[in-house]
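File shown: run_19.cif (mmCIF, C-alpha atoms and all ligand atoms).
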```cif
data_start
#
loop_
_atom_site.label_atom_id
_atom_site.label_comp_id
_atom_site.auth_asym_id
_atom_site.auth_seq_id
_atom_site.Cartn_x
_atom_site.Cartn_y
_atom_site.Cartn_z
CA MET Z 17 114.26 114.50 106.41
CA SER Z 18 111.43 116.91 106.16
CA TYR Z 19 112.53 119.14 103.26
CA LEU Z 20 113.36 118.11 99.71
CA LEU Z 21 114.55 120.55 97.05
CA ILE Z 22 114.48 119.63 93.36
CA GLN Z 23 117.02 121.79 91.56
CA ASN Z 24 117.97 122.38 87.93
CA GLY Z 25 114.84 120.96 86.41
CA LYS Z 26 112.57 121.92 83.54
CA VAL Z 27 109.24 122.13 85.32
CA ILE Z 28 106.07 121.23 83.45
CA ALA Z 29 103.31 123.35 84.95
CA ASN Z 30 100.24 125.18 83.63
CA GLY Z 31 100.81 124.08 80.04
CA GLU Z 32 104.34 125.49 80.03
CA ILE Z 33 107.87 124.26 80.51
CA ARG Z 34 109.99 126.56 82.67
CA LYS Z 35 113.21 126.41 84.62
CA GLY Z 36 112.77 126.43 88.35
CA ASP Z 37 113.33 124.74 91.67
CA ILE Z 38 110.67 123.05 93.74
CA LEU Z 39 110.69 122.91 97.51
CA ILE Z 40 108.83 120.09 99.19
CA HIS Z 41 107.98 119.90 102.87
CA ASP Z 42 106.87 116.52 104.17
CA THR Z 43 104.21 115.30 101.74
CA LYS Z 44 103.33 118.62 100.07
CA ILE Z 45 104.76 121.10 97.61
CA LEU Z 46 105.73 124.14 99.68
CA ASP Z 47 106.97 126.33 96.80
CA ASP Z 48 106.61 125.55 93.09
CA ASN Z 49 109.20 128.17 92.06
CA PHE Z 50 111.63 128.34 94.96
CA ALA Z 51 114.34 130.99 94.98
CA GLY Z 52 115.06 131.52 98.69
CA GLU Z 53 117.65 130.22 101.09
CA ILE Z 54 117.81 126.43 101.31
CA PRO Z 55 116.45 125.34 104.71
CA VAL Z 56 118.75 123.43 107.02
CA ASP Z 57 117.92 119.76 107.09
CA CYS Z 58 117.03 119.81 103.37
CA GLU Z 59 117.77 116.98 100.97
CA VAL Z 60 118.71 118.25 97.50
CA LEU Z 61 117.88 116.36 94.32
CA ASP Z 62 119.73 117.59 91.23
CA ALA Z 63 117.40 117.15 88.25
CA LYS Z 64 120.38 117.65 85.90
CA GLY Z 65 118.25 119.50 83.37
CA ASN Z 66 115.62 116.76 83.18
CA TYR Z 67 111.89 117.42 83.02
CA VAL Z 68 110.02 117.71 86.30
CA SER Z 69 106.42 116.60 85.85
CA PRO Z 70 103.49 115.98 88.16
CA GLY Z 71 103.29 112.28 89.00
CA PHE Z 72 101.25 110.23 86.55
CA ILE Z 73 97.66 109.29 87.34
CA ASP Z 74 96.44 106.06 85.76
CA ILE Z 75 92.71 105.60 86.25
CA HIS Z 76 92.49 102.16 84.61
CA VAL Z 77 94.91 99.39 85.69
CA HIS Z 78 94.21 95.70 86.21
CA GLY Z 79 97.63 94.41 87.03
CA GLY Z 80 101.37 94.31 86.63
CA ALA Z 81 104.53 92.56 87.86
CA GLY Z 82 102.81 89.18 87.38
CA TYR Z 83 99.89 90.09 89.65
CA ASP Z 84 96.26 91.00 89.06
CA ILE Z 85 94.03 92.58 91.68
CA MET Z 86 91.61 89.69 91.10
CA ASP Z 87 94.21 87.49 92.83
CA CYS Z 88 92.45 88.96 95.89
CA THR Z 89 95.54 89.35 98.04
CA GLU Z 90 97.02 92.45 99.63
CA GLU Z 91 100.33 91.38 98.09
CA ALA Z 92 98.77 91.57 94.61
CA PHE Z 93 97.39 95.06 95.17
CA CYS Z 94 100.70 96.32 96.54
CA GLU Z 95 102.86 94.65 93.87
CA VAL Z 96 100.66 96.11 91.13
CA ALA Z 97 100.78 99.56 92.74
CA ASN Z 98 104.54 99.24 93.20
CA ILE Z 99 105.53 98.27 89.66
CA HIS Z 100 103.46 101.13 88.29
CA LEU Z 101 104.82 103.54 90.91
CA LYS Z 102 108.35 102.63 89.82
CA ASN Z 103 107.24 103.56 86.32
CA GLY Z 104 105.91 106.97 87.32
CA THR Z 105 102.31 106.26 88.35
CA THR Z 106 101.95 108.02 91.69
CA THR Z 107 98.16 107.61 91.71
CA ILE Z 108 96.61 104.36 90.54
CA VAL Z 109 93.02 103.20 90.24
CA PRO Z 110 93.09 99.38 90.41
CA THR Z 111 90.45 97.97 88.09
CA ALA Z 112 88.49 94.75 88.51
CA VAL Z 113 87.39 92.70 85.52
CA THR Z 114 84.03 90.93 85.42
CA ALA Z 115 83.90 88.14 87.99
CA PRO Z 116 81.29 86.34 90.12
CA MET Z 117 79.80 88.86 92.59
CA GLU Z 118 81.21 86.96 95.57
CA ASP Z 119 84.72 87.32 94.16
CA ILE Z 120 84.14 91.04 93.59
CA TYR Z 121 82.99 91.51 97.20
CA GLU Z 122 86.05 89.62 98.45
CA MET Z 123 88.35 91.73 96.26
CA ILE Z 124 86.80 94.92 97.65
CA GLU Z 125 87.50 93.78 101.23
CA VAL Z 126 91.13 93.05 100.34
CA CYS Z 127 91.46 96.47 98.71
CA LYS Z 128 90.24 98.14 101.91
CA LYS Z 129 93.26 96.66 103.70
CA ALA Z 130 95.75 97.29 100.88
CA ILE Z 131 94.85 100.95 100.49
CA ASP Z 132 96.37 101.77 103.89
CA LYS Z 133 99.66 100.11 102.96
CA CYS Z 134 100.03 101.46 99.40
CA PRO Z 135 99.61 105.23 99.32
CA SER Z 136 99.39 105.37 95.51
CA ILE Z 137 96.08 103.45 95.48
CA TYR Z 138 93.30 105.99 95.06
CA GLY Z 139 90.22 103.77 94.95
CA LEU Z 140 88.66 100.95 92.97
CA HIS Z 141 87.27 100.86 89.43
CA LEU Z 142 84.82 98.07 88.65
CA GLU Z 143 84.79 97.21 84.93
CA GLY Z 144 81.77 94.91 84.85
CA PRO Z 145 79.75 92.84 85.32
CA TYR Z 146 77.10 95.20 83.86
CA LEU Z 147 78.50 95.17 80.32
CA SER Z 148 77.19 94.35 76.84
CA VAL Z 149 77.62 90.79 75.58
CA ASN Z 150 78.10 92.20 72.06
CA GLN Z 151 81.02 94.38 73.22
CA LYS Z 152 82.39 92.02 75.84
CA GLY Z 153 86.01 92.16 74.64
CA ALA Z 154 87.87 89.84 76.97
CA HIS Z 155 85.19 89.79 79.70
CA ASN Z 156 83.52 86.48 80.58
CA GLU Z 157 80.19 86.54 78.73
CA LYS Z 158 78.51 84.11 81.14
CA LEU Z 159 78.90 86.56 84.01
CA LEU Z 160 77.58 89.69 82.29
CA HIS Z 161 74.14 90.84 83.41
CA ALA Z 162 71.95 93.86 84.15
CA PRO Z 163 72.03 95.31 87.66
CA THR Z 164 69.16 94.71 90.09
CA THR Z 165 68.16 97.10 92.87
CA GLU Z 166 69.22 94.55 95.49
CA GLU Z 167 72.61 93.86 93.95
CA THR Z 168 73.37 97.56 93.48
CA LYS Z 169 72.52 98.19 97.12
CA GLN Z 170 74.77 95.39 98.29
CA LEU Z 171 77.63 96.44 96.02
CA LEU Z 172 77.53 100.01 97.25
CA GLU Z 173 77.33 98.87 100.86
CA VAL Z 174 80.38 96.63 100.52
CA GLY Z 175 82.26 99.15 98.37
CA LYS Z 176 81.45 102.28 100.34
CA GLY Z 177 84.36 104.70 100.28
CA ILE Z 178 86.43 102.36 98.10
CA ILE Z 179 84.70 102.21 94.71
CA CYS Z 180 85.41 105.47 92.91
CA ARG Z 181 84.62 104.41 89.33
CA MET Z 182 82.33 101.98 87.59
CA THR Z 183 82.13 101.06 83.91
CA ALA Z 184 78.77 99.86 82.61
CA ALA Z 185 76.68 99.64 79.42
CA CYS Z 186 73.81 102.12 79.59
CA GLU Z 187 71.55 100.12 77.25
CA LEU Z 188 71.06 97.29 79.76
CA ASP Z 189 67.87 96.99 81.85
CA ASN Z 190 67.50 99.07 85.04
CA MET Z 191 70.31 101.43 84.04
CA GLN Z 192 68.53 104.69 84.77
CA GLU Z 193 67.99 103.71 88.39
CA PHE Z 194 71.50 102.28 88.61
CA ALA Z 195 73.10 105.47 87.25
CA GLN Z 196 71.16 107.70 89.60
CA THR Z 197 72.00 105.54 92.62
CA LEU Z 198 75.71 105.56 91.80
CA LYS Z 199 75.67 109.31 91.30
CA GLU Z 200 74.05 109.77 94.72
CA HIS Z 201 76.88 107.72 96.22
CA GLY Z 202 79.58 109.77 94.50
CA VAL Z 203 80.75 106.96 92.20
CA GLY Z 204 81.93 108.15 88.78
CA LEU Z 205 80.00 106.27 86.12
CA ALA Z 206 81.59 105.51 82.77
CA LEU Z 207 80.09 104.11 79.61
CA GLY Z 208 82.14 101.25 78.23
CA HIS Z 209 81.92 97.78 76.72
CA SER Z 210 78.61 99.14 75.45
CA ASP Z 211 76.65 98.45 72.27
CA ALA Z 212 74.53 101.59 72.69
CA THR Z 213 73.38 103.71 69.80
CA ALA Z 214 74.21 107.41 70.02
CA ALA Z 215 70.62 108.08 71.14
CA GLN Z 216 70.92 105.54 73.96
CA ALA Z 217 74.32 106.89 75.00
CA LEU Z 218 73.08 110.49 75.08
CA GLU Z 219 70.21 109.37 77.27
CA GLY Z 220 72.73 107.60 79.51
CA PHE Z 221 74.66 110.87 79.87
CA ARG Z 222 71.47 112.51 81.12
CA TRP Z 223 71.13 109.77 83.74
CA GLY Z 224 74.66 110.36 85.03
CA PHE Z 225 77.12 108.52 82.79
CA SER Z 226 79.90 111.10 82.42
CA HIS Z 227 82.96 109.36 80.99
CA ILE Z 228 83.86 106.86 78.26
CA THR Z 229 86.04 103.90 79.20
CA HIS Z 230 88.76 103.21 76.61
CA LEU Z 231 87.25 105.10 73.67
CA TYR Z 232 87.61 103.13 70.39
CA SER Z 233 87.87 99.84 72.29
CA ALA Z 234 84.47 98.11 72.72
CA THR Z 235 82.70 101.41 71.92
CA PRO Z 236 80.92 101.26 68.53
CA SER Z 237 80.91 104.01 65.95
CA VAL Z 238 78.53 104.44 63.00
CA ARG Z 239 77.20 101.04 61.79
CA LYS Z 240 74.10 99.49 60.25
CA ILE Z 241 71.48 98.14 62.64
CA ASN Z 242 68.62 96.38 60.80
CA GLN Z 243 69.77 98.09 57.58
CA VAL Z 244 69.56 101.54 59.19
CA VAL Z 245 72.74 103.59 59.47
CA THR Z 246 73.09 104.37 63.18
CA ALA Z 247 75.58 106.47 65.13
CA GLY Z 248 77.15 104.94 68.23
CA VAL Z 249 78.93 105.62 71.51
CA ILE Z 250 81.82 107.46 69.88
CA GLU Z 251 79.60 110.02 68.14
CA ALA Z 252 77.58 110.54 71.33
CA ALA Z 253 80.79 111.15 73.27
CA TYR Z 254 81.79 113.80 70.75
CA LEU Z 255 78.37 115.44 70.82
CA ASP Z 256 78.25 115.99 74.58
CA ASP Z 257 80.97 118.45 75.66
CA ALA Z 258 80.61 117.52 79.33
CA VAL Z 259 81.64 113.92 78.72
CA THR Z 260 85.27 112.99 79.32
CA VAL Z 261 87.06 110.10 77.64
CA GLU Z 262 90.07 107.88 78.24
CA LEU Z 263 92.23 106.18 75.62
CA ILE Z 264 94.67 103.32 76.00
CA ALA Z 265 97.77 105.07 74.70
CA ASP Z 266 100.01 102.01 74.48
CA GLY Z 267 100.63 102.39 70.74
CA ASN Z 268 98.27 99.48 69.94
CA HIS Z 269 94.74 100.14 71.20
CA ALA Z 270 94.43 103.76 70.08
CA THR Z 271 95.71 105.10 66.79
CA GLU Z 272 97.47 108.44 66.40
CA HIS Z 273 94.61 109.83 64.34
CA GLY Z 274 91.96 108.53 66.71
CA LEU Z 275 93.70 110.15 69.67
CA LYS Z 276 94.24 113.41 67.81
CA LEU Z 277 90.60 113.52 66.76
CA ALA Z 278 89.54 113.07 70.40
CA MET Z 279 91.95 115.84 71.45
CA LYS Z 280 90.67 118.13 68.69
CA ILE Z 281 87.01 117.70 69.57
CA LYS Z 282 87.18 117.39 73.35
CA GLY Z 283 90.42 119.21 74.20
CA THR Z 284 93.20 117.93 76.43
CA ASP Z 285 91.01 118.94 79.41
CA ASN Z 286 88.70 116.05 78.69
CA VAL Z 287 90.98 113.28 77.39
CA ALA Z 288 92.91 111.03 79.76
CA LEU Z 289 95.61 108.56 78.76
CA VAL Z 290 95.47 105.22 80.56
CA THR Z 291 97.32 101.90 80.38
CA ASP Z 292 94.49 99.38 81.01
CA ALA Z 293 97.49 97.27 81.99
CA ILE Z 294 97.09 93.62 82.93
CA ARG Z 295 99.19 91.09 84.84
CA PRO Z 296 102.31 90.97 82.62
CA ALA Z 297 102.82 94.77 82.60
CA GLY Z 298 106.36 95.61 83.61
CA LEU Z 299 107.57 92.05 82.87
CA ASP Z 300 109.14 90.50 79.78
CA VAL Z 301 106.89 87.47 79.17
CA THR Z 302 104.93 85.93 76.25
CA GLU Z 303 102.05 84.36 78.19
CA SER Z 304 99.91 85.46 81.09
CA TYR Z 305 96.31 85.66 82.37
CA LEU Z 306 93.55 88.25 82.28
CA GLY Z 307 91.96 88.24 85.73
CA ALA Z 308 92.32 85.06 87.80
CA LYS Z 309 95.01 82.52 86.91
CA LEU Z 310 92.57 80.06 85.31
CA PRO Z 311 93.07 78.15 82.04
CA GLU Z 312 90.13 79.97 80.42
CA ASN Z 313 91.74 83.33 81.24
CA ARG Z 314 95.01 82.64 79.43
CA VAL Z 315 96.27 85.42 77.15
CA ILE Z 316 99.31 85.79 74.95
CA VAL Z 317 101.65 88.76 74.85
CA GLU Z 318 103.00 89.77 71.45
CA ASP Z 319 103.66 93.01 69.57
CA GLY Z 320 103.70 94.84 72.90
CA VAL Z 321 100.08 93.99 73.71
CA ALA Z 322 98.02 91.21 75.35
CA LYS Z 323 95.64 89.23 73.12
CA LEU Z 324 93.19 86.38 73.53
CA PRO Z 325 94.92 83.10 72.49
CA ASP Z 326 92.90 82.98 69.23
CA ARG Z 327 93.92 86.59 68.54
CA SER Z 328 90.25 87.59 68.14
CA SER Z 329 90.57 90.51 70.55
CA PHE Z 330 93.07 92.52 72.53
CA ALA Z 331 92.94 91.51 76.19
CA GLY Z 332 94.38 94.64 77.75
CA SER Z 333 97.72 96.29 77.46
CA VAL Z 334 101.06 95.52 79.02
CA ALA Z 335 102.01 99.18 79.23
CA THR Z 336 103.08 101.27 82.17
CA MET Z 337 102.73 105.05 82.16
CA ALA Z 338 106.47 105.15 81.41
CA ARG Z 339 105.66 103.44 78.11
CA VAL Z 340 102.66 105.72 77.51
CA LEU Z 341 105.00 108.69 77.96
CA LYS Z 342 107.42 107.28 75.38
CA LYS Z 343 104.64 106.40 72.96
CA SER Z 344 103.22 109.91 73.27
CA LYS Z 345 106.39 111.05 71.56
CA THR Z 346 107.38 108.19 69.26
CA HIS Z 347 103.97 106.87 68.20
CA TYR Z 348 101.41 109.62 68.81
CA HIS Z 349 103.72 112.58 68.08
CA LEU Z 350 102.17 114.75 70.81
CA GLU Z 351 103.45 117.95 72.31
CA LEU Z 352 104.99 117.06 75.66
CA VAL Z 353 102.78 119.48 77.63
CA ASP Z 354 99.66 117.96 76.04
CA ALA Z 355 100.72 114.40 76.84
CA ILE Z 356 101.59 115.29 80.44
CA LYS Z 357 98.29 117.09 80.95
CA MET Z 358 96.38 114.01 79.76
CA MET Z 359 98.46 111.84 82.14
CA THR Z 360 98.14 114.09 85.20
CA GLU Z 361 95.77 117.05 85.44
CA THR Z 362 92.94 115.64 83.33
CA PRO Z 363 92.71 112.24 85.06
CA ALA Z 364 92.80 114.10 88.41
CA LYS Z 365 89.84 116.17 87.22
CA ILE Z 366 87.99 113.02 86.13
CA LEU Z 367 88.51 111.52 89.59
CA GLY Z 368 87.43 114.75 91.24
CA ALA Z 369 90.78 114.89 93.08
CA THR Z 370 91.89 118.38 94.03
CA ASP Z 371 95.41 117.92 95.42
CA ILE Z 372 97.10 115.84 92.71
CA GLY Z 373 97.93 116.27 89.01
CA LYS Z 374 99.74 119.61 89.18
CA ILE Z 375 102.99 121.06 90.39
CA GLN Z 376 101.52 123.76 92.56
CA LYS Z 377 101.90 125.03 96.12
CA GLY Z 378 99.79 122.96 98.49
CA TYR Z 379 99.51 120.02 96.11
CA ARG Z 380 100.74 116.61 97.10
CA ALA Z 381 104.44 116.15 96.33
CA ASP Z 382 103.96 113.49 93.66
CA ILE Z 383 106.57 114.15 91.00
CA VAL Z 384 108.30 112.36 88.12
CA LEU Z 385 111.61 113.32 86.51
CA PHE Z 386 112.53 112.18 83.00
CA ASP Z 387 114.97 113.02 80.24
CA GLU Z 388 114.54 114.15 76.60
CA ASP Z 389 114.01 110.53 75.50
CA CYS Z 390 111.30 110.09 78.14
CA ASN Z 391 113.42 107.80 80.33
CA ILE Z 392 112.29 108.20 83.93
CA SER Z 393 115.12 109.05 86.33
CA ASN Z 394 113.27 109.72 89.60
CA VAL Z 395 109.86 109.19 91.10
CA ILE Z 396 108.70 111.04 94.20
CA LYS Z 397 105.58 109.94 96.07
CA ASN Z 398 104.25 112.01 98.98
CA GLY Z 399 107.58 113.83 99.16
CA ARG Z 400 109.70 110.67 99.28
CA ILE Z 401 112.03 109.49 96.53
CA VAL Z 402 111.03 105.94 95.56
CA GLU Z 403 112.94 103.29 93.66
CA THR Z 404 112.52 103.57 89.88
CA ALA Z 405 112.15 100.72 87.37
ZN ZN K 1 90.14 97.32 81.51
#
```
Kindly return the structure encoded in the file as structure tokens.
Ligand SMILES: [Zn+2]
Amino acid sequence: MSYLLIQNGKVIANGEIRKGDILIHDTKILDDNFAGEIPVDCEVLDAKGNYVSPGFIDIHVHGGAGYDIMDCTEEAFCEVANIHLKNGTTTIVPTAVTAPMEDIYEMIEVCKKAIDKCPSIYGLHLEGPYLSVNQKGAHNEKLLHAPTTEETKQLLEVGKGIICRMTAACELDNMQEFAQTLKEHGVGLALGHSDATAAQALEGFRWGFSHITHLYSATPSVRKINQVVTAGVIEAAYLDDAVTVELIADGNHATEHGLKLAMKIKGTDNVALVTDAIRPAGLDVTESYLGAKLPENRVIVEDGVAKLPDRSSFAGSVATMARVLKKSKTHYHLELVDAIKMMTETPAKILGATDIGKIQKGYRADIVLFDEDCNISNVIKNGRIVETA
């Protein structure tokens, strides 16, 4: 069926909530405020007064449904994409944790095949291995290192057209060259798992770092270095208006006040909400793994979050965007239009994507319907109604 009409919805568009019908033709939005005669051969979806939002865009996801993309199988990529799609994520950026370079290259090759089968996969995000040992979080310290010219060249060759984001620590050696090379290749470079001072971070922004990966997690603020009070990554992010940030809005990693401060300083245009979800996302389990299923990667799941077994650090979230939507109301007390913008339009802008993130004529028909309590009722991907969680 080539037409789909969504009737009786409260449409979230352009920072407003309005009543209106949306007509979809094939994979695109044909009319974002339809009032004409219903075409023959048109499927009608009654929104029953529910909200009609652009599909969610999650730019930082490691896993879900018991899979992690580091499993290096097409099945893993598609199962991860699927569980998040069922929970409203119509565009997903699978994210690789630090691993041996050979494993990363293998994972990239698998992603190239999976991307054709799973339309919600946008491209890859590499989180590591060029991260700070001091801010390693749950990344394997032994594998962290500074980039070399040779390795960068090889990585970009293997990942051409697939890697869309990279998270690195700008204070490591060779970072100026690295940042400039990535920029030339159109890869969005984010500062994260970094121990940089504000001065180092601001210099990194000049080299091409343009985004902060999970602000407040593995990004230092003001602290004493050799007895000298020194500002950090967070202050630098607030000082440079051009820099965008993402926060893990699972109700654990980012606090309400931290998120609201970011929104106040940077505006909803420059703050994205992400899940940073790992393998157990979407499942009800108490144990799982971060990255490959190896004994040293074991994590526990409690209080709605994944932690290292010794509880010394969070190890990623177990959220889906459906949970982020709920938490935006119950935990962060956000206006709905603000939350939706940070889950749709702003992450699209960060990715540089021009046909997703809005309900607008010509945009891709990626849409999520949910009720007053933020329970998702329908998910539409490329104009097709998909199964919901
Ligand atoms: Zn992550």
Shortest contact to ligand ZN 1 (chain K), candidates Z:Ala112, Z:Ala369, Z:Tyr138, Z:Asp256, atoms counted only C-alpha atoms and all ligand atoms, goes to Z:Ala112
Contacts of Lys64 (chain Z) at 8 Å (all atoms listed in the file; same-chain gap of 4+ positions) as an MDAnalysis selection string: chainID Z and resid 23:25
Quick one: everything within 12 Å of Gln170 (chain Z), counting only C-alpha atoms, minus sequence neighbours fewer than 4 positions away in the same chain. Send it as a compact mmCIF listing (two decimals) with C-alpha atoms, in the coordinates of the input.
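As a result, around12.txt now contains:
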```
# COMPACT_ATOMS: atom_id res chain seq x y z
CA MET Z 117 79.80 88.86 92.59
CA GLU Z 118 81.21 86.96 95.57
CA ILE Z 120 84.14 91.04 93.59
CA TYR Z 121 82.99 91.51 97.20
CA PRO Z 163 72.03 95.31 87.66
CA THR Z 164 69.16 94.71 90.09
CA THR Z 165 68.16 97.10 92.87
CA GLU Z 166 69.22 94.55 95.49
CA VAL Z 174 80.38 96.63 100.52
CA GLY Z 175 82.26 99.15 98.37
CA LYS Z 176 81.45 102.28 100.34
CA THR Z 197 72.00 105.54 92.62
```
Could you list, as a PyMOL selection string, all protein and nucleic acid residues with an atom at most 10 Å from ligand ZN 1 (chain K), counting all atoms listed in the file? chain Z and resi 75-79+110-114+141-144+153-155+183+208-209+229-230+233+264+290-294+306+331-333
One-decimal distance in Å that lies between CA of Leu207 (chain Z) and CA of His161 (chain Z):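 Those two atoms sit 15.0 Å apart.
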Write out as a VMD selection string each polymer residue whose atoms come within 10 Å of region 381-393 of chain Z, counting all atoms listed in the file; drop sequence neighbours fewer than 4 positions from it. chain Z and resid 20 22 25 to 27 38 to 46 63 to 73 101 to 107 136 338 to 346 352 371 to 377 397 to 401 403 to 405
Please, could you write that set of residues out with C-alpha atoms as a PDB file, keeping the file's coordinate frame?
```
ATOM      1  CA  LEU Z  20     113.360 118.110  99.710  1.00  0.00           C
ATOM      2  CA  ILE Z  22     114.480 119.630  93.360  1.00  0.00           C
ATOM      3  CA  GLY Z  25     114.840 120.960  86.410  1.00  0.00           C
ATOM      4  CA  LYS Z  26     112.570 121.920  83.540  1.00  0.00           C
ATOM      5  CA  VAL Z  27     109.240 122.130  85.320  1.00  0.00           C
ATOM      6  CA  ILE Z  38     110.670 123.050  93.740  1.00  0.00           C
ATOM      7  CA  LEU Z  39     110.690 122.910  97.510  1.00  0.00           C
ATOM      8  CA  ILE Z  40     108.830 120.090  99.190  1.00  0.00           C
ATOM      9  CA  HIS Z  41     107.980 119.900 102.870  1.00  0.00           C
ATOM     10  CA  ASP Z  42     106.870 116.520 104.170  1.00  0.00           C
ATOM     11  CA  THR Z  43     104.210 115.300 101.740  1.00  0.00           C
ATOM     12  CA  LYS Z  44     103.330 118.620 100.070  1.00  0.00           C
ATOM     13  CA  ILE Z  45     104.760 121.100  97.610  1.00  0.00           C
ATOM     14  CA  LEU Z  46     105.730 124.140  99.680  1.00  0.00           C
ATOM     15  CA  ALA Z  63     117.400 117.150  88.250  1.00  0.00           C
ATOM     16  CA  LYS Z  64     120.380 117.650  85.900  1.00  0.00           C
ATOM     17  CA  GLY Z  65     118.250 119.500  83.370  1.00  0.00           C
ATOM     18  CA  ASN Z  66     115.620 116.760  83.180  1.00  0.00           C
ATOM     19  CA  TYR Z  67     111.890 117.420  83.020  1.00  0.00           C
ATOM     20  CA  VAL Z  68     110.020 117.710  86.300  1.00  0.00           C
ATOM     21  CA  SER Z  69     106.420 116.600  85.850  1.00  0.00           C
ATOM     22  CA  PRO Z  70     103.490 115.980  88.160  1.00  0.00           C
ATOM     23  CA  GLY Z  71     103.290 112.280  89.000  1.00  0.00           C
ATOM     24  CA  PHE Z  72     101.250 110.230  86.550  1.00  0.00           C
ATOM     25  CA  ILE Z  73      97.660 109.290  87.340  1.00  0.00           C
ATOM     26  CA  LEU Z 101     104.820 103.540  90.910  1.00  0.00           C
ATOM     27  CA  LYS Z 102     108.350 102.630  89.820  1.00  0.00           C
ATOM     28  CA  ASN Z 103     107.240 103.560  86.320  1.00  0.00           C
ATOM     29  CA  GLY Z 104     105.910 106.970  87.320  1.00  0.00           C
ATOM     30  CA  THR Z 105     102.310 106.260  88.350  1.00  0.00           C
ATOM     31  CA  THR Z 106     101.950 108.020  91.690  1.00  0.00           C
ATOM     32  CA  THR Z 107      98.160 107.610  91.710  1.00  0.00           C
ATOM     33  CA  SER Z 136      99.390 105.370  95.510  1.00  0.00           C
ATOM     34  CA  ALA Z 338     106.470 105.150  81.410  1.00  0.00           C
ATOM     35  CA  ARG Z 339     105.660 103.440  78.110  1.00  0.00           C
ATOM     36  CA  VAL Z 340     102.660 105.720  77.510  1.00  0.00           C
ATOM     37  CA  LEU Z 341     105.000 108.690  77.960  1.00  0.00           C
ATOM     38  CA  LYS Z 342     107.420 107.280  75.380  1.00  0.00           C
ATOM     39  CA  LYS Z 343     104.640 106.400  72.960  1.00  0.00           C
ATOM     40  CA  SER Z 344     103.220 109.910  73.270  1.00  0.00           C
ATOM     41  CA  LYS Z 345     106.390 111.050  71.560  1.00  0.00           C
ATOM     42  CA  THR Z 346     107.380 108.190  69.260  1.00  0.00           C
ATOM     43  CA  LEU Z 352     104.990 117.060  75.660  1.00  0.00           C
ATOM     44  CA  ASP Z 371      95.410 117.920  95.420  1.00  0.00           C
ATOM     45  CA  ILE Z 372      97.100 115.840  92.710  1.00  0.00           C
ATOM     46  CA  GLY Z 373      97.930 116.270  89.010  1.00  0.00           C
ATOM     47  CA  LYS Z 374      99.740 119.610  89.180  1.00  0.00           C
ATOM     48  CA  ILE Z 375     102.990 121.060  90.390  1.00  0.00           C
ATOM     49  CA  GLN Z 376     101.520 123.760  92.560  1.00  0.00           C
ATOM     50  CA  LYS Z 377     101.900 125.030  96.120  1.00  0.00           C
ATOM     51  CA  LYS Z 397     105.580 109.940  96.070  1.00  0.00           C
ATOM     52  CA  ASN Z 398     104.250 112.010  98.980  1.00  0.00           C
ATOM     53  CA  GLY Z 399     107.580 113.830  99.160  1.00  0.00           C
ATOM     54  CA  ARG Z 400     109.700 110.670  99.280  1.00  0.00           C
ATOM     55  CA  ILE Z 401     112.030 109.490  96.530  1.00  0.00           C
ATOM     56  CA  GLU Z 403     112.940 103.290  93.660  1.00  0.00           C
ATOM     57  CA  THR Z 404     112.520 103.570  89.880  1.00  0.00           C
ATOM     58  CA  ALA Z 405     112.150 100.720  87.370  1.00  0.00           C
TER      59      ALA Z 405
END
```
Would you list the residues near (111.4, 130.3, 92.1), meaning any protein, DNA or RNA residue with an atom at most 6 Å from that point in file coordinates, counting only C-alpha atoms, as a list of chain:residue names?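 Residues with an atom at most 6 Å from (111.4, 130.3, 92.1): Z:Gly36, Z:Asp37, Z:Asn49, Z:Phe50, Z:Ala51.
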Compile the contact shell of Ile316 (chain Z) as a PyMOL selection string: residues with an atom at most 10 Å away, counting all atoms listed in the file, same-chain residues fewer than 4 positions apart removed. chain Z and resi 296+301-306+321-327+330-331
Could you check which of Z:Val245, Z:Val149, Z:Ala265, Z:Cys180 is closest to Asp211 (chain Z), using all atoms listed in the file? Z:Val149
For His273 (chain Z), find every residue with an atom within 12 Å (counting all atoms listed in the file), except residues of its own chain fewer than 3 positions away, and show them as a PyMOL selection string. chain Z and resi 232+265+267+269-270+276-280+347-350
Which centre and which edge lengths, in Å to one decimal, describe the axis-aligned box that holds all listed atoms of region 175-187 of chain Z after 8 Å is added on each side, as AutoDock Vina command-line options?
```
--center_x 79.0 --center_y 102.3 --center_z 88.8 --size_x 30.9 --size_y 22.3 --size_z 39.1
```
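Taking CA of Phe225 (chain Z) and CA of Leu198 (chain Z) as endpoints, the distance between them is 9.6 Å.
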